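**Student:** Structure file final-v5.txt (compact mmCIF, C-alpha atoms) right here:
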# COMPACT_ATOMS: atom_id res chain seq x y z
CA MET A 1 -67.98 33.40 -14.84
CA VAL A 2 -71.69 32.85 -14.40
CA GLU A 3 -71.03 29.11 -14.18
CA LEU A 4 -68.37 29.70 -11.55
CA ARG A 5 -70.74 31.73 -9.44
CA GLU A 6 -73.38 29.01 -9.74
CA ARG A 7 -70.81 26.48 -8.65
CA GLN A 8 -69.95 28.47 -5.54
CA ILE A 9 -73.62 28.75 -4.70
CA ARG A 10 -73.96 24.99 -5.09
CA LEU A 11 -71.04 24.46 -2.70
CA VAL A 12 -72.82 26.53 -0.10
CA HIS A 13 -75.87 24.35 -0.74
CA GLU A 14 -73.79 21.28 0.05
CA LEU A 15 -72.91 22.77 3.42
CA MET A 16 -76.53 23.72 3.93
CA TYR A 17 -77.50 20.06 3.65
CA GLN A 18 -75.03 19.16 6.39
CA ILE A 19 -75.93 21.89 8.89
CA LYS A 20 -79.11 21.24 10.90
CA VAL A 21 -81.63 23.85 12.01
CA GLN A 22 -80.89 23.02 15.66
CA GLU A 23 -77.29 24.17 15.17
CA VAL A 24 -78.21 27.66 14.00
CA MET A 25 -81.48 28.46 15.83
CA THR A 26 -81.86 30.76 18.84
CA ARG A 27 -82.85 28.59 21.79
CA ASN A 28 -84.02 31.08 24.42
CA VAL A 29 -87.16 32.15 22.64
CA VAL A 30 -89.39 34.81 24.13
CA CYS A 31 -92.93 33.33 23.94
CA PHE A 32 -96.26 34.81 24.99
CA SER A 33 -99.63 33.31 25.84
CA SER A 34 -102.72 34.07 23.79
CA ALA A 35 -104.03 36.23 26.66
CA THR A 36 -101.21 38.78 26.24
CA THR A 37 -102.23 42.07 24.59
CA PHE A 38 -100.65 43.40 21.40
CA ARG A 39 -99.40 46.43 23.35
CA GLU A 40 -97.55 44.25 25.89
CA ILE A 41 -95.83 42.41 23.08
CA GLN A 42 -95.05 45.64 21.25
CA LEU A 43 -93.35 47.09 24.36
CA CYS A 44 -91.35 43.91 24.85
CA MET A 45 -90.32 43.91 21.17
CA LYS A 46 -89.05 47.45 21.51
CA GLU A 47 -87.10 46.63 24.67
CA LYS A 48 -85.62 43.28 23.62
CA ARG A 49 -85.24 44.14 19.92
CA PHE A 50 -87.01 41.29 18.18
CA SER A 51 -89.61 41.51 15.45
CA GLY A 52 -91.80 38.44 15.91
CA THR A 53 -92.79 35.99 18.63
CA PRO A 54 -94.56 32.62 18.89
CA ILE A 55 -97.80 32.47 20.88
CA VAL A 56 -97.78 29.38 23.08
CA ASP A 57 -100.45 28.05 25.47
CA ASN A 58 -99.65 25.02 27.67
CA GLY A 59 -96.50 24.28 25.68
CA GLU A 60 -98.39 24.16 22.34
CA LEU A 61 -97.72 26.58 19.51
CA LEU A 62 -100.97 28.39 18.57
CA GLY A 63 -99.84 31.26 16.40
CA ILE A 64 -97.32 33.99 15.78
CA VAL A 65 -97.31 37.76 16.21
CA SER A 66 -95.00 39.87 14.05
CA ILE A 67 -94.39 43.59 13.64
CA HIS A 68 -96.88 43.44 10.81
CA ASP A 69 -99.62 42.16 13.19
CA ILE A 70 -98.76 44.94 15.67
CA LEU A 71 -99.10 47.59 12.94
CA THR A 72 -102.44 46.13 11.89
CA ALA A 73 -103.55 46.16 15.56
CA PHE A 74 -102.71 49.89 15.76
CA ASP A 75 -104.49 50.50 12.49
CA LYS A 76 -107.66 48.56 13.37
CA GLY A 77 -107.75 49.71 16.99
CA HIS A 78 -107.30 46.41 18.81
CA ILE A 79 -103.84 47.17 20.20
CA ASP A 80 -105.04 46.60 23.78
CA ALA A 81 -106.90 43.37 22.99
CA PRO A 82 -105.48 39.88 23.74
CA VAL A 83 -103.60 38.56 20.72
CA GLY A 84 -105.55 35.25 20.70
CA ALA A 85 -108.32 36.54 18.48
CA TYR A 86 -106.19 38.35 15.87
CA MET A 87 -102.79 36.63 15.67
CA THR A 88 -101.62 34.74 12.60
CA ARG A 89 -102.77 31.20 13.31
CA ASP A 90 -101.61 29.44 10.21
CA VAL A 91 -97.98 29.12 11.33
CA VAL A 92 -95.38 27.43 9.18
CA THR A 93 -92.75 25.68 11.36
CA VAL A 94 -89.57 23.73 10.77
CA PRO A 95 -88.45 20.68 12.81
CA GLN A 96 -85.07 21.07 14.53
CA SER A 97 -83.61 17.98 12.85
CA TYR A 98 -84.11 19.38 9.32
CA SER A 99 -81.20 20.78 7.33
CA VAL A 100 -80.96 24.53 6.97
CA ILE A 101 -81.70 24.09 3.27
CA ALA A 102 -85.25 23.08 4.22
CA ALA A 103 -85.60 26.23 6.31
CA SER A 104 -84.05 28.34 3.57
CA ASN A 105 -86.54 26.95 1.02
CA ILE A 106 -89.42 27.93 3.30
CA PHE A 107 -87.95 31.44 3.63
CA SER A 108 -87.66 31.90 -0.11
CA LYS A 109 -91.17 30.54 -0.70
CA HIS A 110 -93.06 32.52 1.96
CA ARG A 111 -90.80 35.51 2.66
CA PHE A 112 -91.21 35.13 6.44
CA GLY A 113 -88.82 36.98 8.73
CA ARG A 114 -88.51 34.03 11.11
CA LEU A 115 -89.63 30.45 11.60
CA PRO A 116 -90.56 28.78 14.90
CA VAL A 117 -88.51 25.59 15.32
CA VAL A 118 -90.40 22.58 16.69
CA SER A 119 -89.02 19.51 18.46
CA ALA A 120 -90.03 17.01 15.74
CA PRO A 121 -92.03 16.83 12.50
CA GLY A 122 -95.73 17.37 13.32
CA SER A 123 -94.97 18.61 16.84
CA ARG A 124 -96.33 21.91 18.23
CA LYS A 125 -93.62 22.18 20.90
CA VAL A 126 -91.42 25.21 20.21
CA VAL A 127 -87.71 24.64 20.93
CA GLY A 128 -86.28 27.67 19.14
CA ILE A 129 -86.64 30.27 16.44
CA VAL A 130 -84.61 30.73 13.30
CA THR A 131 -84.10 33.66 10.93
CA PHE A 132 -82.52 33.72 7.50
CA SER A 133 -79.63 35.75 8.86
CA ASP A 134 -78.95 33.00 11.49
CA ILE A 135 -78.49 30.60 8.59
CA LEU A 136 -76.27 32.97 6.62
CA SER A 137 -73.94 33.79 9.51
CA HIS A 138 -73.58 30.14 10.47
CA LEU A 139 -72.78 29.26 6.87
CA LEU A 140 -70.06 31.90 6.70
CA LEU A 141 -68.60 30.52 9.92
CA ALA A 142 -68.61 26.99 8.51
CA VAL A 143 -66.80 28.04 5.34
CA ASN A 144 -64.29 30.02 7.40
CA SER A 145 -63.62 27.19 9.82
CA ILE A 146 -62.84 24.78 6.98
CA ALA A 147 -60.27 27.25 5.66
CA GLU A 148 -58.91 28.01 9.12
CA ARG A 149 -58.44 24.38 10.16
CA VAL A 150 -56.34 23.73 7.10
CA GLU A 151 -54.42 26.98 7.52
CA ALA A 152 -53.73 26.27 11.20
CA LEU A 153 -52.21 22.89 10.46
CA GLU A 154 -50.21 24.24 7.55
CA HIS A 155 -48.94 26.98 9.81
CA THR A 156 -47.83 24.43 12.44
CA PHE A 157 -46.09 22.42 9.76
CA ASP A 158 -44.44 25.52 8.30
CA LYS A 159 -43.01 26.16 11.74
CA VAL A 160 -41.56 22.63 11.75
CA ILE A 161 -39.81 23.49 8.51
CA ARG A 162 -38.47 26.82 9.73
CA ASN A 163 -37.04 25.17 12.85
CA ALA A 164 -35.64 22.18 11.00
CA LYS A 165 -32.03 21.73 10.08
CA ASP A 166 -31.95 18.41 8.28
CA LYS A 167 -34.70 16.57 10.12
CA LEU A 168 -38.46 17.23 9.96
CA ARG A 169 -40.95 15.78 12.40
CA PHE A 170 -44.74 15.98 12.09
CA GLU A 171 -47.15 14.79 14.75
CA LEU A 172 -50.19 12.99 13.32
CA ALA A 173 -53.55 12.85 15.06
CA PRO A 174 -55.90 9.90 14.38
CA ASP A 175 -59.23 10.07 12.50
CA ASN A 176 -58.80 13.48 10.92
CA PHE A 177 -59.29 12.56 7.26
CA ASP A 178 -59.78 16.10 6.04
CA LEU A 179 -56.30 17.06 7.16
CA ALA A 180 -54.54 13.87 6.03
CA GLY A 181 -51.83 14.58 3.48
CA ILE A 182 -50.77 18.00 4.72
CA ALA A 183 -47.58 16.55 6.22
CA ALA A 184 -46.76 14.73 2.97
CA THR A 185 -47.33 17.81 0.79
CA THR A 186 -45.32 19.98 3.21
CA ILE A 187 -42.46 17.45 3.10
CA LYS A 188 -42.63 17.36 -0.70
CA LYS A 189 -42.43 21.14 -1.00
CA HIS A 190 -39.53 21.33 1.46
CA LEU A 191 -37.47 18.57 -0.17
CA LYS A 192 -37.98 20.23 -3.54
CA VAL A 193 -36.44 23.41 -2.15
CA CYS A 194 -33.60 21.27 -0.71
CA GLY A 195 -32.78 20.09 -4.22
CA VAL A 196 -34.07 16.50 -4.12
CA PRO A 197 -34.62 15.53 -7.79
CA PRO A 198 -38.23 15.10 -9.08
CA ALA A 199 -38.33 11.30 -9.48
CA ALA A 200 -37.06 10.66 -5.95
CA LEU A 201 -39.27 13.43 -4.69
CA ARG A 202 -42.37 11.76 -6.06
CA ARG A 203 -41.46 8.41 -4.48
CA ILE A 204 -40.79 10.06 -1.12
CA ALA A 205 -44.08 11.96 -1.29
CA VAL A 206 -46.05 8.77 -2.03
CA ILE A 207 -44.37 6.94 0.88
CA CYS A 208 -45.10 9.83 3.25
CA TYR A 209 -48.70 10.18 2.09
CA GLU A 210 -49.47 6.46 2.39
CA ALA A 211 -47.81 6.40 5.81
CA GLU A 212 -49.69 9.47 6.94
CA MET A 213 -53.03 7.97 5.84
CA ASN A 214 -52.21 4.69 7.58
CA VAL A 215 -51.46 6.44 10.86
CA ILE A 216 -54.63 8.52 10.60
CA ILE A 217 -56.91 5.62 9.60
CA HIS A 218 -55.56 2.72 11.63
CA SER A 219 -53.61 4.00 14.62
CA LEU A 220 -54.04 5.89 17.85
CA GLY A 221 -51.74 8.62 16.54
CA GLY A 222 -48.04 8.91 15.85
CA PHE A 223 -45.44 10.89 13.98
CA ILE A 224 -43.53 10.99 10.72
CA GLU A 225 -39.89 12.01 10.62
CA VAL A 226 -37.90 12.81 7.51
CA GLU A 227 -34.14 13.11 7.49
CA ILE A 228 -32.23 14.48 4.54
CA LEU A 229 -28.76 13.00 4.09
CA ASP A 230 -26.26 13.62 1.27
CA ASP A 231 -27.54 11.04 -1.18
CA GLN A 232 -30.62 9.67 0.51
CA VAL A 233 -33.76 10.58 2.42
CA ARG A 234 -34.72 8.53 5.46
CA ILE A 235 -38.41 8.37 6.40
CA LEU A 236 -39.39 7.10 9.82
CA VAL A 237 -43.04 6.58 10.73
CA VAL A 238 -43.96 5.52 14.24
CA ASP A 239 -47.44 5.05 15.68
CA GLU A 240 -48.71 4.31 19.15
CA GLY A 241 -50.57 1.14 18.23
CA PRO A 242 -52.65 -0.98 18.21
CA GLY A 243 -50.18 -2.82 15.92
CA ILE A 244 -50.63 -5.07 12.88
CA PRO A 245 -51.58 -8.67 13.84
CA ASP A 246 -50.30 -10.34 10.64
CA LEU A 247 -47.58 -8.35 8.89
CA GLU A 248 -47.15 -10.80 6.04
CA LYS A 249 -50.82 -10.50 5.13
CA ALA A 250 -50.79 -6.73 5.52
CA MET A 251 -47.97 -6.44 2.97
CA GLN A 252 -49.97 -8.28 0.30
CA PRO A 253 -51.48 -5.97 -2.32
CA GLY A 254 -55.24 -5.73 -1.87
CA PHE A 255 -55.35 -6.89 1.74
CA THR A 256 -57.23 -4.41 3.86
CA THR A 257 -58.91 -4.14 7.24
CA ALA A 258 -60.41 -0.71 6.53
CA SER A 259 -64.11 -0.24 7.22
CA GLU A 260 -66.74 0.34 4.53
CA LYS A 261 -66.95 3.97 5.60
CA ILE A 262 -63.25 4.46 5.04
CA ARG A 263 -63.34 2.62 1.72
CA ALA A 264 -66.17 4.85 0.55
CA LEU A 265 -63.83 7.80 1.02
CA GLY A 266 -61.36 6.17 -1.37
CA PHE A 267 -58.96 4.94 1.31
CA GLY A 268 -58.26 1.37 2.30
CA ALA A 269 -57.54 -0.20 -1.09
CA GLY A 270 -55.07 -2.48 0.64
CA MET A 271 -52.21 -1.05 -1.43
CA GLY A 272 -50.66 1.25 1.18
CA LEU A 273 -47.78 -0.80 2.57
CA PHE A 274 -47.22 -2.40 -0.82
CA ASN A 275 -46.95 1.04 -2.48
CA MET A 276 -44.58 2.26 0.20
CA LYS A 277 -42.30 -0.72 -0.24
CA LYS A 278 -42.39 -0.34 -4.02
CA CYS A 279 -41.37 3.32 -3.83
CA ALA A 280 -38.57 2.76 -1.32
CA ASP A 281 -35.04 1.58 -2.04
CA ARG A 282 -34.84 0.10 1.42
CA PHE A 283 -37.92 -0.73 3.48
CA MET A 284 -38.28 -2.05 6.99
CA ILE A 285 -41.44 -2.59 9.02
CA ARG A 286 -41.80 -3.73 12.62
CA SER A 287 -45.06 -4.11 14.45
CA SER A 288 -45.97 -5.21 17.91
CA MET A 289 -49.36 -5.46 19.54
CA GLU A 290 -47.84 -3.78 22.62
CA SER A 291 -45.99 -0.78 21.26
CA GLY A 292 -47.38 -0.17 17.75
CA THR A 293 -45.90 -0.04 14.28
CA GLU A 294 -42.64 1.41 13.01
CA VAL A 295 -41.77 1.86 9.36
CA GLU A 296 -38.39 2.95 8.07
CA ALA A 297 -37.97 3.71 4.38
CA MET A 298 -34.90 4.97 2.52
CA VAL A 299 -34.92 6.61 -0.89
CA PHE A 300 -31.52 7.08 -2.55
CA TYR A 301 -30.88 9.72 -5.14
CA GLN A 302 -28.03 10.89 -7.29
CA PRO A 303 -28.80 14.40 -8.42
CA GLU A 304 -27.09 14.33 -11.88
CA GLU A 305 -28.31 10.89 -13.00
CA GLU A 306 -31.87 11.38 -11.81
CA GLU A 307 -32.17 14.67 -13.62
CA ALA A 308 -30.94 13.16 -16.86
CA GLY A 309 -33.27 10.18 -16.96
CA SER A 310 -35.95 10.75 -14.41
CA ALA A 311 -38.80 8.35 -13.71
CA THR A 312 -37.09 5.36 -15.33
CA ARG A 313 -37.18 3.33 -12.14
CA ASN A 314 -39.87 0.66 -11.96
CA GLY A 315 -40.74 1.40 -15.56
CA ASN A 316 -42.45 -1.97 -15.83
CA GLY A 317 -45.35 -0.67 -13.66
CA ASP A 318 -47.93 -3.17 -12.52
CA THR A 319 -50.94 -0.95 -12.50
CA GLU A 320 -52.98 -2.17 -15.45
CA ALA A 321 -55.09 -4.47 -13.31
CA THR A 322 -56.21 -1.60 -11.14
CA ALA A 323 -57.04 1.02 -13.73
CA GLY A 324 -60.64 2.07 -13.34
CA GLY A 325 -61.08 -0.86 -11.00
CA THR A 326 -64.05 0.58 -9.23
CA SER A 327 -65.32 2.71 -12.05
CA SER A 328 -68.90 3.66 -11.64
CA MET B 1 -54.28 17.46 -25.87
CA LYS B 2 -54.63 20.55 -23.71
CA ILE B 3 -56.71 20.68 -20.53
CA ALA B 4 -59.08 22.98 -22.43
CA ASP B 5 -59.61 20.23 -25.07
CA LEU B 6 -60.37 17.74 -22.31
CA VAL B 7 -62.97 20.14 -20.91
CA THR B 8 -64.57 20.41 -24.37
CA VAL B 9 -64.51 16.64 -25.03
CA LEU B 10 -66.05 15.84 -21.65
CA GLU B 11 -68.42 18.85 -21.75
CA GLY B 12 -66.95 19.70 -18.38
CA GLU B 13 -67.32 22.65 -16.09
CA VAL B 14 -64.18 24.25 -14.66
CA VAL B 15 -64.43 25.00 -10.95
CA CYS B 16 -61.03 26.62 -10.40
CA CYS B 17 -57.61 27.43 -11.87
CA GLU B 18 -58.94 28.38 -15.30
CA GLU B 19 -55.60 30.03 -16.05
CA LYS B 20 -54.05 26.55 -16.46
CA LEU B 21 -56.40 25.34 -19.21
CA GLY B 22 -53.67 25.91 -21.80
CA HIS B 23 -51.40 23.27 -20.21
CA GLU B 24 -50.77 19.99 -22.03
CA VAL B 25 -52.19 16.73 -20.61
CA GLY B 26 -49.39 14.15 -20.71
CA ASP B 27 -51.33 11.06 -19.64
CA PHE B 28 -54.59 9.83 -18.10
CA ALA B 29 -55.62 7.77 -15.09
CA ALA B 30 -59.07 6.75 -13.89
CA SER B 31 -59.79 5.25 -10.49
CA ASP B 32 -61.79 5.60 -7.30
CA LEU B 33 -59.10 4.22 -5.03
CA LEU B 34 -56.46 6.60 -3.75
CA SER B 35 -53.78 3.96 -3.35
CA ASP B 36 -54.33 2.75 -6.91
CA ILE B 37 -53.76 6.28 -8.11
CA LEU B 38 -50.65 6.58 -5.96
CA ALA B 39 -49.38 3.35 -7.53
CA PHE B 40 -49.67 4.73 -11.08
CA GLU B 41 -46.30 5.87 -12.34
CA LYS B 42 -47.58 8.79 -14.30
CA GLU B 43 -46.66 12.44 -14.42
CA ASN B 44 -48.62 15.45 -15.60
CA TYR B 45 -51.73 13.35 -16.02
CA ALA B 46 -55.47 14.01 -15.93
CA LEU B 47 -57.06 12.20 -13.00
CA LEU B 48 -60.64 10.97 -13.59
CA THR B 49 -62.48 9.91 -10.46
CA GLY B 50 -65.79 9.49 -8.70
CA LEU B 51 -64.36 10.71 -5.40
CA THR B 52 -65.30 14.18 -4.18
CA ASN B 53 -63.27 14.69 -0.98
CA SER B 54 -60.15 16.78 -0.44
CA GLN B 55 -57.93 13.67 -0.45
CA ILE B 56 -58.42 13.28 -4.19
CA VAL B 57 -56.81 16.72 -4.63
CA ARG B 58 -53.99 15.82 -2.19
CA THR B 59 -53.37 12.65 -4.19
CA ALA B 60 -53.25 14.71 -7.38
CA GLU B 61 -50.80 17.10 -5.76
CA ILE B 62 -48.52 14.32 -4.45
CA THR B 63 -48.40 12.56 -7.82
CA ASN B 64 -48.03 15.67 -10.01
CA ALA B 65 -51.39 15.37 -11.78
CA CYS B 66 -52.23 18.27 -14.10
CA CYS B 67 -55.97 18.33 -13.39
CA VAL B 68 -58.75 16.43 -11.58
CA VAL B 69 -62.02 15.48 -13.26
CA ILE B 70 -64.95 14.57 -10.99
CA LEU B 71 -67.41 12.35 -12.83
CA ARG B 72 -71.13 11.57 -12.84
CA ASN B 73 -72.24 15.10 -12.04
CA LYS B 74 -71.05 14.75 -8.43
CA GLN B 75 -70.45 17.87 -6.36
CA PRO B 76 -66.96 18.30 -4.89
CA GLN B 77 -66.78 18.85 -1.16
CA PRO B 78 -66.01 22.46 -0.23
CA SER B 79 -62.67 21.43 1.29
CA ALA B 80 -61.69 19.81 -2.04
CA VAL B 81 -62.39 23.03 -3.93
CA LEU B 82 -60.46 25.15 -1.42
CA LEU B 83 -57.47 22.80 -1.66
CA ALA B 84 -57.57 22.61 -5.47
CA ARG B 85 -57.62 26.39 -5.67
CA SER B 86 -54.74 26.81 -3.22
CA SER B 87 -52.58 24.12 -4.79
CA GLY B 88 -53.27 25.34 -8.32
CA ILE B 89 -54.85 22.17 -9.68
CA PRO B 90 -57.76 22.71 -12.09
CA LEU B 91 -60.90 20.94 -10.86
CA ILE B 92 -63.32 19.94 -13.61
CA LEU B 93 -66.83 18.54 -13.19
CA CYS B 94 -68.49 16.39 -15.80
CA ARG B 95 -71.76 14.50 -16.18
CA ALA B 96 -70.34 11.43 -17.93
CA SER B 97 -69.70 8.11 -16.18
CA MET B 98 -66.12 6.94 -15.86
CA PHE B 99 -66.55 4.49 -18.74
CA ASP B 100 -68.17 7.09 -20.99
CA ALA B 101 -65.55 9.73 -20.16
CA CYS B 102 -62.71 7.30 -20.94
CA CYS B 103 -64.37 6.34 -24.25
CA ARG B 104 -64.78 9.97 -25.30
CA LEU B 105 -61.14 10.76 -24.51
CA SER B 106 -60.03 7.64 -26.32
CA ARG B 107 -61.98 8.59 -29.46
CA PHE B 108 -60.55 12.11 -29.37
CA LEU B 109 -56.97 10.83 -29.03
CA GLU B 110 -57.52 8.33 -31.85
CA LYS B 111 -58.70 11.09 -34.17
CA SER B 112 -55.89 13.48 -33.33
CA ASP B 113 -53.33 10.68 -33.72
CA GLY B 114 -54.84 9.74 -37.07
CA GLY B 115 -55.04 6.23 -35.69
CA ALA B 116 -51.31 5.82 -36.25
CA LYS B 117 -50.49 4.68 -32.74
CA GLY B 118 -53.34 2.25 -32.43
CA THR B 119 -56.03 2.61 -29.78
CA PRO B 120 -54.93 4.72 -26.86
CA ASN B 121 -55.96 3.44 -23.47
CA PRO B 122 -56.83 6.43 -21.35
CA ALA B 123 -57.96 4.39 -18.39
CA GLY B 124 -54.96 2.09 -18.23
CA THR B 125 -51.27 2.63 -17.83
What would you get if you wrote out this structure as structure tokens?

**Tutor:**
Amino acid sequence: MVELRERQIRLVHELMYQIKVQEVMTRNVVCFSSATTFREIQLCMKEKRFSGTPIVDNGELLGIVSIHDILTAFDKGHIDAPVGAYMTRDVVTVPQSYSVIAASNIFSKHRFGRLPVVSAPGSRKVVGIVTFSDILSHLLLAVNSIAERVEALEHTFDKVIRNAKDKLRFELAPDNFDLAGIAATTIKKHLKVCGVPPAALRRIAVICYEAEMNVIIHSLGGFIEVEILDDQVRILVVDEGPGIPDLEKAMQPGFTTASEKIRALGFGAGMGLFNMKKCADRFMIRSSMESGTEVEAMVFYQPEEEEAGSATRNGNGDTEATAGGTSS
Amino acid sequence: MKIADLVTVLEGEVVCCEEKLGHEVGDFAASDLLSDILAFEKENYALLTGLTNSQIVRTAEITNACCVVILRNKQPQPSAVLLARSSGIPLILCRASMFDACCRLSRFLEKSDGGAKGTPNPAGT
């Protein structure tokens, strides 16, 4: 269990690398000049409910005054003196472009309540202020929004299923890699409930998933429609373009036009259309540079036979050449 | 071989779905390309990969994989962990490279088979 907890903490760290200080900081910072007295700042702190403030002259950060400095000023009797002579001058700052992990490391090292945020490394221009609780609340939001985005789409897709009789239709938006595959998994779950046998189910799911990824990676958006008939499932995938210039080439295994960025995510092996065709009993593709691409795939199934000897189709598999192909 | 044995052999760390460690591993596949994995005709298999995004878990779900092993001490993306947890697929992290992990599994299978079936090929079909 200790390991699990460590893992969760490391996941939060991952997010902390992605989130920048400028996303979590407070921008409208109350600043004072070095001529302000401790008492003026103390009254303002009480009124506006903050516990530390940067001291800035001519746009340059000179120091910081915290509750601690105010208490010391009361104690030593210089509460009515200008802060310039007594403020903390050795201020640690964080540039706005740094990740929140950098800020969090400073917090754990120095135990400050807040950090002035500067415009760039080495700069004395204050653009905001950040506290540890700013970082924490933003992090919680980030974790929540990941969960919510997925839930929202699943909810939309669940509604499709509830309203469906024998035809399901899912709209697919381009470029949203994180959500790719939700339509395919939703289809798979639904067809399972409808009694489609496992071997056919797997082929249908692969076709839908490949199609869904293609639409998301390559097109301007589209939809996937699945129709359940007595002994077959018909999958129709239509996108809004831009179309495939050379269909013959695109059908060849290994041919890809995906960018390096997409390939780094594990997509774009150039096997998509080939896989879809392999999994389908009937496969048709049409593409035009005007209207986009349309794929129709049929998967036949006979409940009794499939259950008896499932997964016997295509038993000669041609995957040995690809196993561990890009192993690191 | 059970998923728990795989975790021991690879000195892995289980991120989620520990309740499934008693399940049998029927086969193995190792790849960093999603479409390659989708082209494997395997069921109930352990998927070894260097990918860390949520799509690797989706691919596992679509193809009925029994667990996903992320290699080379890489950290899974938070969305991958959330998805693995919600779809009930154990996610295992390990320090070994893909080659090393495949070798270790191969040696283990050889031993437990008593060498009777020849050299298993965990990375291939």

**Student:** Compute the set of chain B residues within 8 Å of chain A, using all atoms listed in the file, and express it as a PDB file with C-alpha atoms, in the frame of the given file.

**Tutor:**
ATOM      1  CA  GLU B  13     -67.320  22.650 -16.090  1.00  0.00           C
ATOM      2  CA  VAL B  14     -64.180  24.250 -14.660  1.00  0.00           C
ATOM      3  CA  VAL B  15     -64.430  25.000 -10.950  1.00  0.00           C
ATOM      4  CA  ALA B  29     -55.620   7.770 -15.090  1.00  0.00           C
ATOM      5  CA  ALA B  30     -59.070   6.750 -13.890  1.00  0.00           C
ATOM      6  CA  SER B  31     -59.790   5.250 -10.490  1.00  0.00           C
ATOM      7  CA  ASP B  32     -61.790   5.600  -7.300  1.00  0.00           C
ATOM      8  CA  LEU B  33     -59.100   4.220  -5.030  1.00  0.00           C
ATOM      9  CA  LEU B  34     -56.460   6.600  -3.750  1.00  0.00           C
ATOM     10  CA  SER B  35     -53.780   3.960  -3.350  1.00  0.00           C
ATOM     11  CA  ASP B  36     -54.330   2.750  -6.910  1.00  0.00           C
ATOM     12  CA  LEU B  38     -50.650   6.580  -5.960  1.00  0.00           C
ATOM     13  CA  ALA B  39     -49.380   3.350  -7.530  1.00  0.00           C
ATOM     14  CA  PHE B  40     -49.670   4.730 -11.080  1.00  0.00           C
ATOM     15  CA  GLU B  41     -46.300   5.870 -12.340  1.00  0.00           C
ATOM     16  CA  THR B  49     -62.480   9.910 -10.460  1.00  0.00           C
ATOM     17  CA  GLY B  50     -65.790   9.490  -8.700  1.00  0.00           C
ATOM     18  CA  LEU B  51     -64.360  10.710  -5.400  1.00  0.00           C
ATOM     19  CA  ASN B  53     -63.270  14.690  -0.980  1.00  0.00           C
ATOM     20  CA  SER B  54     -60.150  16.780  -0.440  1.00  0.00           C
ATOM     21  CA  GLN B  55     -57.930  13.670  -0.450  1.00  0.00           C
ATOM     22  CA  ARG B  58     -53.990  15.820  -2.190  1.00  0.00           C
ATOM     23  CA  GLU B  61     -50.800  17.100  -5.760  1.00  0.00           C
ATOM     24  CA  ILE B  62     -48.520  14.320  -4.450  1.00  0.00           C
ATOM     25  CA  THR B  63     -48.400  12.560  -7.820  1.00  0.00           C
ATOM     26  CA  ASN B  64     -48.030  15.670 -10.010  1.00  0.00           C
ATOM     27  CA  GLN B  75     -70.450  17.870  -6.360  1.00  0.00           C
ATOM     28  CA  PRO B  76     -66.960  18.300  -4.890  1.00  0.00           C
ATOM     29  CA  GLN B  77     -66.780  18.850  -1.160  1.00  0.00           C
ATOM     30  CA  PRO B  78     -66.010  22.460  -0.230  1.00  0.00           C
ATOM     31  CA  SER B  79     -62.670  21.430   1.290  1.00  0.00           C
ATOM     32  CA  LEU B  82     -60.460  25.150  -1.420  1.00  0.00           C
ATOM     33  CA  SER B  97     -69.700   8.110 -16.180  1.00  0.00           C
ATOM     34  CA  MET B  98     -66.120   6.940 -15.860  1.00  0.00           C
ATOM     35  CA  PHE B  99     -66.550   4.490 -18.740  1.00  0.00           C
ATOM     36  CA  ALA B 123     -57.960   4.390 -18.390  1.00  0.00           C
ATOM     37  CA  GLY B 124     -54.960   2.090 -18.230  1.00  0.00           C
ATOM     38  CA  THR B 125     -51.270   2.630 -17.830  1.00  0.00           C
TER      39      THR B 125
END

**Student:** How far is it from CA of Val94 (chain A) to CA of Glu47 (chain A), in Å with one decimal?

**Tutor:**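 Between CA of Val94 (chain A) and CA of Glu47 (chain A) the gap is 26.9 Å.
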
**Student:** State, in Å with one decimal place, the distance from CA of Arg169 (chain A) to CA of Pro245 (chain A).

**Tutor:**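 So the two atoms, CA of Arg169 (chain A) and CA of Pro245 (chain A), lie 26.7 Å apart.
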
**Student:** Counting only C-alpha atoms, which of A:Phe112, A:Phe170, A:Phe50, A:Phe74 gets nearest to Thr26 (chain A)?

**Tutor:**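 Looking at the shortest contact to Thr26 (chain A), the residue is A:Phe50.
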
**Student:** Separation of CA of Thr8 (chain B) and CA of Arg95 (chain B), in Å?

**Tutor:** 12.4 Å

**Student:** Atoms are missing here; could region 49-54 of chain A be completed with N, CA and C atoms and written as a CSV table (one decimal), keeping the file's coordinate frame?

**Tutor:**
chain,number,residue,atom,x,y,z
A,49,ARG,N,-85.7,44.1,21.3
A,49,ARG,CA,-85.2,44.1,19.9
A,49,ARG,C,-85.5,42.8,19.2
A,50,PHE,N,-86.7,42.4,19.1
A,50,PHE,CA,-87.0,41.3,18.2
A,50,PHE,C,-88.2,41.7,17.4
A,51,SER,N,-88.6,41.0,16.3
A,51,SER,CA,-89.6,41.5,15.4
A,51,SER,C,-90.7,40.5,15.2
A,52,GLY,N,-90.7,39.4,16.0
A,52,GLY,CA,-91.8,38.4,15.9
A,52,GLY,C,-91.7,37.4,17.0
A,53,THR,N,-92.9,36.9,17.5
A,53,THR,CA,-92.8,36.0,18.6
A,53,THR,C,-93.9,34.9,18.5
A,54,PRO,N,-93.5,33.7,18.9
A,54,PRO,CA,-94.6,32.6,18.9
A,54,PRO,C,-95.5,32.8,20.0
